[in-house]
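Colleague: Just run12.txt, nothing more (compact mmCIF, C-alpha atoms):
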# COMPACT_ATOMS: atom_id res chain seq x y z
CA MET A 249 48.72 20.19 6.79
CA ASN A 250 45.32 21.00 5.30
CA LEU A 251 46.28 23.93 3.08
CA ALA A 252 42.77 24.39 1.69
CA GLN A 253 41.43 25.24 5.16
CA LEU A 254 44.06 27.94 5.67
CA PHE A 255 43.20 29.73 2.42
CA PRO A 256 39.71 28.68 1.30
CA ALA A 257 39.74 30.94 -1.76
CA ALA A 258 42.92 29.38 -3.16
CA SER A 259 42.62 27.44 -6.41
CA ARG A 260 42.24 23.67 -6.10
CA GLU A 261 44.94 23.17 -8.72
CA LEU A 262 47.46 25.14 -6.68
CA VAL A 263 46.52 23.34 -3.49
CA ARG A 264 47.14 19.98 -5.14
CA SER A 265 50.55 21.08 -6.44
CA LEU A 266 51.62 22.42 -3.06
CA GLU A 267 50.47 19.30 -1.27
CA ARG A 268 52.53 17.22 -3.69
CA ALA A 269 55.58 19.43 -3.12
CA LEU A 270 55.25 19.19 0.67
CA GLU A 271 54.94 15.41 0.39
CA GLY A 272 58.36 15.42 -1.27
CA ARG A 273 57.22 14.84 -4.84
CA GLU A 274 58.73 16.87 -7.67
CA LEU A 275 56.82 19.66 -9.35
CA ASP A 276 56.96 19.88 -13.13
CA ALA A 277 57.72 23.03 -15.13
CA ARG A 278 54.03 23.65 -15.92
CA GLU A 279 53.18 23.69 -12.22
CA ALA A 280 56.06 26.11 -11.56
CA GLU A 281 54.84 28.36 -14.37
CA ARG A 282 51.35 28.52 -12.85
CA MET A 283 52.77 29.27 -9.40
CA LEU A 284 54.81 32.13 -10.83
CA ALA A 285 51.53 33.90 -11.68
CA ALA A 286 49.92 33.40 -8.24
CA GLN A 287 47.98 36.33 -6.78
CA GLY A 288 45.75 36.94 -3.75
CA ASP A 289 45.07 33.85 -1.64
CA ASP A 290 47.06 31.74 -4.09
CA LEU A 291 50.13 33.90 -3.45
CA GLN A 292 49.70 33.86 0.32
CA LEU A 293 49.29 30.10 0.30
CA LEU A 294 52.35 29.67 -1.92
CA LEU A 295 54.51 31.73 0.45
CA ARG A 296 53.25 29.83 3.48
CA ALA A 297 53.89 26.44 1.89
CA ALA A 298 57.40 27.49 0.85
CA ASP A 299 58.18 28.56 4.41
CA VAL A 300 56.99 25.17 5.69
CA ALA A 301 59.24 23.46 3.13
CA ARG A 302 62.17 25.64 4.13
CA ARG A 303 61.81 24.63 7.77
CA GLU A 304 61.67 20.95 6.79
CA ASP A 305 64.67 21.25 4.48
CA VAL A 306 67.11 23.35 6.51
CA GLY A 307 65.53 24.38 9.81
CA ASP A 308 65.12 27.87 11.24
CA ASP A 309 68.70 29.16 11.17
CA ILE A 310 69.50 31.93 8.70
CA SER A 311 73.03 31.84 7.38
CA PHE A 312 75.33 34.49 5.97
CA VAL A 313 78.95 34.71 4.85
CA VAL A 314 81.46 37.48 5.59
CA CYS A 315 82.96 38.24 2.20
CA ARG A 316 84.23 40.97 -0.07
CA ASN A 317 83.65 41.56 -3.76
CA ILE A 318 86.67 42.54 -5.82
CA ASN A 319 85.94 43.64 -9.38
CA PHE A 320 89.42 43.77 -10.91
CA THR A 321 88.45 45.70 -14.04
CA ASN A 322 85.35 47.40 -15.42
CA VAL A 323 86.67 47.37 -18.98
CA CYS A 324 84.39 45.06 -20.95
CA TYR A 325 83.33 44.82 -24.58
CA VAL A 326 80.67 42.10 -24.30
CA GLY A 327 77.93 44.74 -24.38
CA CYS A 328 75.15 43.20 -22.25
CA SER A 329 72.06 45.40 -22.45
CA PHE A 330 71.30 45.06 -18.71
CA CYS A 331 74.77 46.16 -17.56
CA GLY A 332 75.67 49.59 -16.23
CA PHE A 333 79.09 48.49 -14.98
CA ALA A 334 81.10 48.04 -18.19
CA ARG A 335 83.36 50.77 -19.58
CA HIS A 336 85.38 51.33 -22.74
CA LYS A 337 89.09 51.40 -21.92
CA ASP A 338 89.32 55.11 -22.86
CA GLU A 339 86.48 56.31 -20.60
CA HIS A 340 87.57 58.54 -17.74
CA ASP A 341 86.31 56.17 -15.06
CA ALA A 342 87.59 52.93 -16.61
CA TYR A 343 89.93 51.01 -14.33
CA ASP A 344 92.15 47.95 -14.36
CA HIS A 345 93.41 47.30 -10.85
CA PRO A 346 97.06 46.35 -10.43
CA MET A 347 97.70 43.30 -8.28
CA GLN A 348 98.70 45.39 -5.27
CA VAL A 349 95.29 47.03 -5.17
CA MET A 350 93.60 43.62 -5.11
CA LEU A 351 95.94 42.45 -2.35
CA ASP A 352 95.15 45.58 -0.33
CA LYS A 353 91.43 44.98 -0.76
CA ALA A 354 91.83 41.36 0.34
CA ARG A 355 93.89 42.47 3.35
CA ASP A 356 91.14 44.89 4.36
CA ALA A 357 88.56 42.11 3.96
CA VAL A 358 90.50 39.73 6.20
CA ALA A 359 90.87 42.45 8.84
CA ARG A 360 87.08 42.77 8.78
CA GLY A 361 86.54 39.05 9.31
CA ALA A 362 86.09 37.85 5.73
CA THR A 363 86.49 34.17 4.93
CA GLU A 364 85.82 34.67 1.19
CA VAL A 365 86.62 37.04 -1.64
CA CYS A 366 84.43 36.99 -4.74
CA ILE A 367 86.43 38.04 -7.79
CA GLN A 368 84.86 38.94 -11.11
CA GLY A 369 85.56 41.54 -13.75
CA GLY A 370 84.81 42.70 -17.23
CA ILE A 371 85.97 40.77 -20.28
CA HIS A 372 89.02 42.92 -20.98
CA PRO A 373 90.36 42.29 -24.51
CA ASN A 374 93.98 42.66 -23.40
CA LYS A 375 93.75 40.01 -20.65
CA ASP A 376 94.26 36.29 -21.02
CA HIS A 377 94.20 33.07 -19.01
CA HIS A 378 97.55 33.88 -17.38
CA HIS A 379 96.07 37.00 -15.78
CA TYR A 380 93.29 34.98 -14.15
CA ARG A 381 95.81 32.52 -12.75
CA GLU A 382 98.10 35.30 -11.52
CA ILE A 383 95.22 36.76 -9.49
CA LEU A 384 94.73 33.39 -7.81
CA THR A 385 98.40 32.72 -7.10
CA ALA A 386 99.03 36.21 -5.74
CA LEU A 387 96.07 36.06 -3.35
CA LYS A 388 96.83 32.53 -2.18
CA ALA A 389 100.47 33.38 -1.53
CA GLU A 390 99.44 36.24 0.76
CA PHE A 391 96.23 34.75 2.23
CA PRO A 392 96.41 30.94 2.07
CA GLU A 393 93.30 30.44 4.22
CA LEU A 394 91.08 32.82 2.24
CA HIS A 395 88.51 31.09 0.02
CA ILE A 396 88.54 32.41 -3.54
CA HIS A 397 85.14 32.36 -5.24
CA ALA A 398 85.92 33.60 -8.71
CA PHE A 399 85.32 33.85 -12.45
CA SER A 400 81.88 33.43 -13.93
CA PRO A 401 81.31 30.96 -16.79
CA GLU A 402 81.71 33.92 -19.16
CA GLU A 403 85.18 34.60 -17.78
CA ILE A 404 85.98 30.88 -17.81
CA ASP A 405 84.96 30.74 -21.48
CA PHE A 406 87.18 33.72 -22.32
CA GLY A 407 90.22 32.34 -20.49
CA HIS A 408 89.69 28.83 -21.78
CA LYS A 409 89.67 29.96 -25.40
CA LYS A 410 92.87 31.95 -24.83
CA SER A 411 94.56 28.98 -23.15
CA GLY A 412 94.21 26.37 -25.89
CA MET A 413 93.76 23.70 -23.19
CA PRO A 414 90.87 21.22 -22.94
CA LEU A 415 88.21 22.74 -20.69
CA ALA A 416 88.64 20.29 -17.79
CA GLU A 417 92.41 20.76 -17.89
CA TYR A 418 92.02 24.55 -17.84
CA LEU A 419 89.71 24.38 -14.84
CA HIS A 420 92.14 22.06 -13.03
CA TRP A 421 94.90 24.58 -13.79
CA LEU A 422 92.90 27.32 -12.04
CA VAL A 423 92.00 25.10 -9.09
CA GLU A 424 95.67 24.22 -8.60
CA ALA A 425 96.38 27.95 -8.43
CA GLY A 426 93.79 28.51 -5.70
CA LEU A 427 90.31 28.70 -7.22
CA GLY A 428 87.88 27.41 -4.58
CA THR A 429 84.42 27.75 -6.13
CA MET A 430 82.87 29.39 -9.18
CA PRO A 431 80.02 31.92 -9.30
CA GLY A 432 77.12 30.58 -11.37
CA THR A 433 76.51 34.03 -12.81
CA ALA A 434 76.38 34.96 -16.52
CA ALA A 435 73.25 32.78 -16.54
CA GLU A 436 70.62 35.52 -16.71
CA ILE A 437 67.87 33.45 -18.37
CA LEU A 438 69.12 30.18 -19.86
CA ASP A 439 67.06 30.52 -23.01
CA ASP A 440 68.82 31.60 -26.19
CA GLU A 441 65.91 33.65 -27.53
CA ILE A 442 66.04 35.80 -24.38
CA ARG A 443 69.85 35.82 -24.37
CA LYS A 444 69.95 37.17 -27.93
CA ILE A 445 68.20 40.29 -26.64
CA VAL A 446 69.66 40.83 -23.18
CA SER A 447 73.21 39.63 -23.91
CA PRO A 448 73.68 38.96 -27.63
CA ARG A 449 77.46 38.52 -27.46
CA LYS A 450 77.53 36.40 -24.33
CA ILE A 451 77.96 32.63 -24.19
CA ARG A 452 74.85 30.68 -25.17
CA ARG A 453 72.89 28.36 -22.92
CA ASP A 454 74.65 25.15 -23.96
CA ARG A 455 78.11 26.63 -23.39
CA TRP A 456 77.08 27.83 -19.90
CA VAL A 457 75.83 24.33 -19.14
CA GLU A 458 79.01 22.74 -20.51
CA ILE A 459 81.26 24.93 -18.35
CA VAL A 460 79.22 24.37 -15.19
CA LYS A 461 78.96 20.60 -15.67
CA THR A 462 82.67 20.32 -16.42
CA ALA A 463 83.49 22.34 -13.31
CA HIS A 464 81.30 20.08 -11.21
CA SER A 465 82.87 16.98 -12.78
CA ILE A 466 86.32 17.93 -11.43
CA GLY A 467 84.95 18.78 -7.98
CA LEU A 468 84.73 22.55 -8.51
CA ARG A 469 81.39 23.59 -7.06
CA SER A 470 79.39 26.64 -8.07
CA THR A 471 76.36 28.71 -7.22
CA SER A 472 73.34 28.87 -9.54
CA THR A 473 71.54 32.09 -10.45
CA LEU A 474 68.70 33.56 -12.48
CA MET A 475 68.06 37.21 -13.46
CA TYR A 476 64.36 38.14 -13.57
CA GLY A 477 62.11 41.18 -13.85
CA HIS A 478 63.02 42.29 -17.40
CA ILE A 479 61.59 40.71 -20.61
CA GLU A 480 61.23 37.10 -19.47
CA GLU A 481 57.90 35.34 -18.91
CA PRO A 482 57.00 32.73 -16.27
CA ARG A 483 57.62 29.92 -18.77
CA HIS A 484 61.24 31.04 -19.21
CA ILE A 485 61.82 31.04 -15.46
CA ALA A 486 60.20 27.62 -15.06
CA ALA A 487 62.36 26.16 -17.82
CA HIS A 488 65.47 27.73 -16.29
CA LEU A 489 64.71 26.20 -12.88
CA ASP A 490 64.04 22.87 -14.53
CA LEU A 491 67.43 23.01 -16.24
CA LEU A 492 69.21 23.83 -12.97
CA ARG A 493 67.45 21.00 -11.18
CA GLY A 494 68.46 18.59 -13.93
CA ILE A 495 72.10 19.65 -13.68
CA GLN A 496 72.01 19.23 -9.92
CA LYS A 497 70.56 15.74 -10.19
CA GLU A 498 73.41 14.83 -12.51
CA THR A 499 76.33 16.54 -10.74
CA GLY A 500 75.34 17.64 -7.23
CA GLY A 501 77.67 20.60 -7.71
CA PHE A 502 75.46 23.61 -6.94
CA THR A 503 75.85 25.03 -3.43
CA GLU A 504 72.80 27.30 -3.62
CA PHE A 505 70.30 29.09 -5.84
CA VAL A 506 70.35 32.90 -5.97
CA PRO A 507 67.52 34.79 -7.71
CA LEU A 508 68.80 38.17 -8.92
CA GLY A 509 66.26 40.90 -9.61
CA PHE A 510 66.89 43.13 -12.63
CA ILE A 511 68.05 46.65 -11.70
CA HIS A 512 66.74 48.85 -14.48
CA GLU A 513 67.51 52.55 -14.01
CA ARG A 514 70.79 53.00 -15.88
CA ASN A 515 70.91 50.45 -18.66
CA THR A 516 69.87 49.91 -22.25
CA LEU A 517 67.55 46.98 -21.62
CA PHE A 518 65.05 49.20 -19.80
CA ASN A 519 65.68 52.58 -21.37
CA HIS A 520 65.78 51.44 -25.02
CA LEU A 521 64.62 47.84 -25.34
CA GLY A 522 61.33 47.92 -23.45
CA ALA A 523 62.11 45.82 -20.38
CA ARG A 524 59.95 46.06 -17.28
CA PRO A 525 61.30 48.34 -14.53
CA GLY A 526 62.48 45.44 -12.43
CA ALA A 527 60.42 42.96 -10.47
CA SER A 528 57.42 43.76 -8.29
CA THR A 529 57.35 42.73 -4.64
CA SER A 530 55.08 39.80 -5.46
CA GLU A 531 57.43 38.67 -8.25
CA ASP A 532 60.38 38.73 -5.84
CA LEU A 533 58.55 36.64 -3.27
CA ARG A 534 56.95 34.26 -5.78
CA LEU A 535 60.30 33.38 -7.28
CA VAL A 536 61.88 32.66 -3.89
CA ALA A 537 58.91 30.47 -2.92
CA VAL A 538 58.76 28.59 -6.22
CA ALA A 539 62.50 27.99 -6.14
CA ARG A 540 62.21 26.43 -2.69
CA LEU A 541 59.38 24.13 -3.71
CA PHE A 542 60.62 23.27 -7.19
CA LEU A 543 64.32 22.66 -6.45
CA ARG A 544 63.90 20.57 -3.29
CA PRO A 545 65.43 18.21 -2.31
CA TRP A 546 68.21 18.75 -4.83
CA ILE A 547 69.11 22.37 -4.01
CA THR A 548 68.14 23.29 -0.47
CA ASN A 549 69.93 26.62 0.02
CA VAL A 550 67.95 29.54 -1.41
CA GLN A 551 69.68 32.89 -1.00
CA VAL A 552 68.23 36.41 -1.02
CA SER A 553 70.06 39.31 -2.65
CA TRP A 554 69.75 42.22 -0.22
CA VAL A 555 71.49 44.42 -2.81
CA LYS A 556 68.65 43.82 -5.28
CA MET A 557 65.69 43.57 -2.87
CA GLY A 558 66.79 45.80 -0.04
CA PRO A 559 67.20 44.48 3.51
CA LYS A 560 63.54 44.78 4.51
CA LEU A 561 62.12 42.86 1.56
CA ALA A 562 64.93 40.35 2.02
CA GLN A 563 63.57 39.76 5.53
CA VAL A 564 60.15 38.95 4.05
CA ALA A 565 61.74 36.60 1.51
CA LEU A 566 63.40 34.79 4.41
CA THR A 567 59.90 33.99 5.68
CA SER A 568 58.82 32.87 2.20
CA GLY A 569 61.21 30.02 1.46
CA ALA A 570 64.74 31.47 1.57
CA ASN A 571 67.26 30.52 4.25
CA ASP A 572 70.42 32.48 3.44
CA PHE A 573 71.08 36.24 3.66
CA GLY A 574 74.04 36.10 1.29
CA GLY A 575 77.27 37.98 1.86
CA THR A 576 78.36 41.19 3.54
CA LEU A 577 79.99 42.16 0.19
CA MET A 578 81.90 45.22 1.58
CA GLU A 579 82.15 46.57 -1.97
CA GLU A 580 79.43 46.16 -4.59
CA SER A 581 79.79 47.82 -7.98
CA ILE A 582 77.69 45.95 -10.51
CA SER A 583 74.21 46.51 -9.06
CA ARG A 584 75.14 50.01 -7.91
CA GLU A 585 76.18 51.03 -11.42
CA SER A 586 72.78 49.96 -12.77
CA GLY A 587 70.97 51.98 -10.12
CA SER A 588 70.63 49.89 -6.95
CA GLN A 589 70.10 52.17 -3.94
CA TYR A 590 70.74 49.71 -1.12
CA GLY A 591 74.43 50.34 -0.62
CA GLU A 592 77.55 48.25 -1.00
CA ASN A 593 78.10 46.81 2.44
CA LEU A 594 75.92 45.07 5.01
CA PRO A 595 78.14 44.38 8.04
CA ALA A 596 77.85 41.14 9.98
CA GLU A 597 76.33 42.92 12.98
CA GLU A 598 73.60 44.34 10.74
CA MET A 599 72.96 40.88 9.28
CA ARG A 600 72.53 39.49 12.78
CA ARG A 601 70.16 42.30 13.77
CA LEU A 602 67.98 41.87 10.68
CA ILE A 603 67.80 38.11 11.19
CA ARG A 604 66.82 38.46 14.84
CA GLU A 605 64.13 40.99 13.94
CA ILE A 606 62.17 38.18 12.26
CA GLY A 607 62.64 35.83 15.20
CA ARG A 608 65.31 33.59 13.70
CA ALA A 609 68.84 32.59 14.70
CA PRO A 610 71.84 33.99 12.75
CA VAL A 611 74.72 31.69 11.85
CA GLU A 612 77.91 32.54 10.01
CA ARG A 613 78.87 30.03 7.30
CA ASN A 614 81.69 29.55 4.86
CA THR A 615 81.30 29.43 1.08
CA LEU A 616 80.40 25.72 1.12
CA TYR A 617 77.77 26.17 3.86
CA ARG A 618 79.77 24.76 6.74
CA ILE A 619 78.66 26.60 9.88
CA LEU A 620 81.51 28.56 11.44
CA ARG A 621 79.74 30.33 14.31
CA ARG A 622 76.32 30.47 15.88
CA PHE A 623 74.98 33.64 17.48
CA ASP A 624 72.24 32.42 19.80
CA ASP A 625 72.84 35.08 22.46
CA PRO A 626 73.04 38.74 21.34
CA GLU A 627 74.88 39.57 24.57
CA LYS A 628 77.77 37.39 23.42
CA ASP A 629 78.10 38.88 19.93
CA PRO A 630 81.65 39.84 18.95
CA PRO A 631 82.53 43.53 18.52
CA SER A 632 82.23 45.10 15.10
CA LEU A 633 85.27 44.85 12.83
CA GLU A 634 84.03 47.64 10.58
CA PRO A 635 86.14 50.81 10.27
CA GLN A 636 84.79 53.63 12.39
CA ARG A 637 83.21 56.46 10.43
CA PRO A 638 81.99 59.77 11.88
CA VAL A 639 78.23 60.10 12.07
CA GLN A 640 76.75 63.12 10.33
CA LEU A 641 73.94 64.39 12.52
CA SER A 642 70.96 66.39 11.30
CA GLY A 643 68.59 68.91 12.85
CA PRO A 644 69.55 71.06 15.88
CA ALA A 645 72.12 68.51 16.96
CA ARG A 646 74.12 69.22 13.80
CA TRP A 647 74.25 72.94 14.67
CA ARG A 648 75.37 72.20 18.23
CA GLN A 649 78.02 69.78 16.97
CA GLN A 650 79.40 72.38 14.58
CA GLU A 651 79.38 75.08 17.29
CA GLU A 652 81.25 72.78 19.69
CA SER A 653 83.81 71.94 16.98
CA GLU A 654 84.42 75.63 16.26
CA ARG A 655 84.73 76.41 20.00
CA ARG A 656 87.41 73.74 20.42
CA ALA A 657 89.39 74.72 17.30
CA PRO A 658 91.51 77.39 19.11
CA GLU A 659 92.30 74.89 21.90
CA ARG A 660 93.56 72.34 19.39
CA SER A 661 95.68 74.89 17.51
CA ALA A 662 97.26 76.09 20.80
CA SER A 663 98.30 72.55 21.80
CA PRO A 664 102.08 71.85 21.44
Mind turning the file's structure into structure tokens?

Modeller:
Amino acid sequence: MNLAQLFPAASRELVRSLERALEGRELDAREAERMLAAQGDDLQLLLRAADVARREDVGDDISFVVCRNINFTNVCYVGCSFCGFARHKDEHDAYDHPMQVMLDKARDAVARGATEVCIQGGIHPNKDHHHYREILTALKAEFPELHIHAFSPEEIDFGHKKSGMPLAEYLHWLVEAGLGTMPGTAAEILDDEIRKIVSPRKIRRDRWVEIVKTAHSIGLRSTSTLMYGHIEEPRHIAAHLDLLRGIQKETGGFTEFVPLGFIHERNTLFNHLGARPGASTSEDLRLVAVARLFLRPWITNVQVSWVKMGPKLAQVALTSGANDFGGTLMEESISRESGSQYGENLPAEEMRRLIREIGRAPVERNTLYRILRRFDDPEKDPPSLEPQRPVQLSGPARWRQQEESERRAPERSASP
């Protein structure tokens, strides 16, 4: 493809980098850094090239997973400046779910078609490694087929230190209890100068890398993530991507890359420490595109976060290098508590509709990207498994609905 002819005003340097990427040659961190500042024709060309690479890497299907988040406690004393979720144990809205609540949430998820539960929580000072294992054993005893995607490297670090076991042995211990995969969260930006500001009490870069590599070494796969749109600069993102690519070359253990935009409204990082108010639209799309081009062929699944971006921008990102819509979630607390306004649940039928709106085919996958079902024909879609909720109408229809309800009230009260 002659990229220069498509966008004649694009910089020659960018054109050369994109041509190299589309030929299958690796970009270096300096090239990624330049791409992360692309504007105008450079930006349009970058997005187009990433979409071409996406088609070559994984085709035109857009995947999603039916899953539920379960946050077992919001009590946490780590004190990350970007977090609006954590609570002190004495706050009125602090919670620590008993096991039965988690089982009930998992039961609801299975009834709604979930193949995965994602379990994470605050670093509660009164918990230990036994609590993490008990969560796994209780869920597996009740739902043996349900995939458990659980415990960030931060939680693994906390439990490991409590256990006194070697790290690999501790991870094996959790896998034996039912742990299926590990979220690659708690990464934020894998640069300790940034981490000292955004999460000063969290594990440092090298510890995150140690935990992830050890997990991969025993066959426990994980996602990979990056939080952007706060105080980082393009060079930090480029170095972070370079680190992830290096880990993947060594271990092959990452299932996907998930860029996570910073939600700013209700946290210290924005309100007191001078962070940007989240990412711009162009930042969102640039990062998706650069991730596709920089991480190929080592990581080929690039996921959008509809909770962070919103469904409509997520659609655009899926034409800019991404290929996965993420999960239905059913319950999302962490982004919501920081100010996300895009809801907690995106049902499978909505996922399929949004995917078809951009002319692509929806497929349901499992956590490890095995395709479970294709949905080529909308007429053959399964019925919704979502609980029915009454629709609140507006305008004159609302008045007529209320009038009809009041008219029927005497009839209902007179019924035996």

Colleague: Please determine, counting only C-alpha atoms, which residue among A:Ile404, A:Leu616, A:Ala527, A:Leu489 has the shortest atom-to-atom distance to Asp276 (chain A).

Modeller: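 Looking only at the distances to Asp276 (chain A), the closest residue turns out to be A:Leu489.
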
Colleague: Between CA of Ser311 (chain A) and CA of Arg613 (chain A), measure the distance and give it in Å to one decimal.

Modeller: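 Rounded to one decimal, the two atoms are 6.1 Å apart.
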
Colleague: Pick out the residues sitting within 6 Å of region 556-567 of chain A, and hand them over as JSON, numbers by chain; count all atoms listed in the file, and ignore anything fewer than 2 positions along from it in its own chain.

Modeller: {"A": [299, 509, 533, 552, 553, 554, 569, 570, 571, 590]}

Colleague: Keeping only C-alpha atoms, take the residues you just selected and write them out as a PDB file, keeping the file's coordinate frame.

Modeller:
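Generated output (out22.pdb):
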ATOM      1  CA  ASP A 299      58.180  28.560   4.410  1.00  0.00           C
ATOM      2  CA  GLY A 509      66.260  40.900  -9.610  1.00  0.00           C
ATOM      3  CA  LEU A 533      58.550  36.640  -3.270  1.00  0.00           C
ATOM      4  CA  VAL A 552      68.230  36.410  -1.020  1.00  0.00           C
ATOM      5  CA  SER A 553      70.060  39.310  -2.650  1.00  0.00           C
ATOM      6  CA  TRP A 554      69.750  42.220  -0.220  1.00  0.00           C
ATOM      7  CA  GLY A 569      61.210  30.020   1.460  1.00  0.00           C
ATOM      8  CA  ALA A 570      64.740  31.470   1.570  1.00  0.00           C
ATOM      9  CA  ASN A 571      67.260  30.520   4.250  1.00  0.00           C
ATOM     10  CA  TYR A 590      70.740  49.710  -1.120  1.00  0.00           C
TER      11      TYR A 590
END

Colleague: What is the CA of Ser411 (chain A)-CA of His377 (chain A) distance in Å, reported with one decimal?

Modeller: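 That distance, rounded to one decimal, is 5.8 Å.
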
Colleague: For Cys315 (chain A), please output as an MDAnalysis selection string all residues within 6 Å (counting all atoms listed in the file; exclusion window: fewer than 5 positions along the same chain).

Modeller: chainID A and resid 362 364:365 575:577
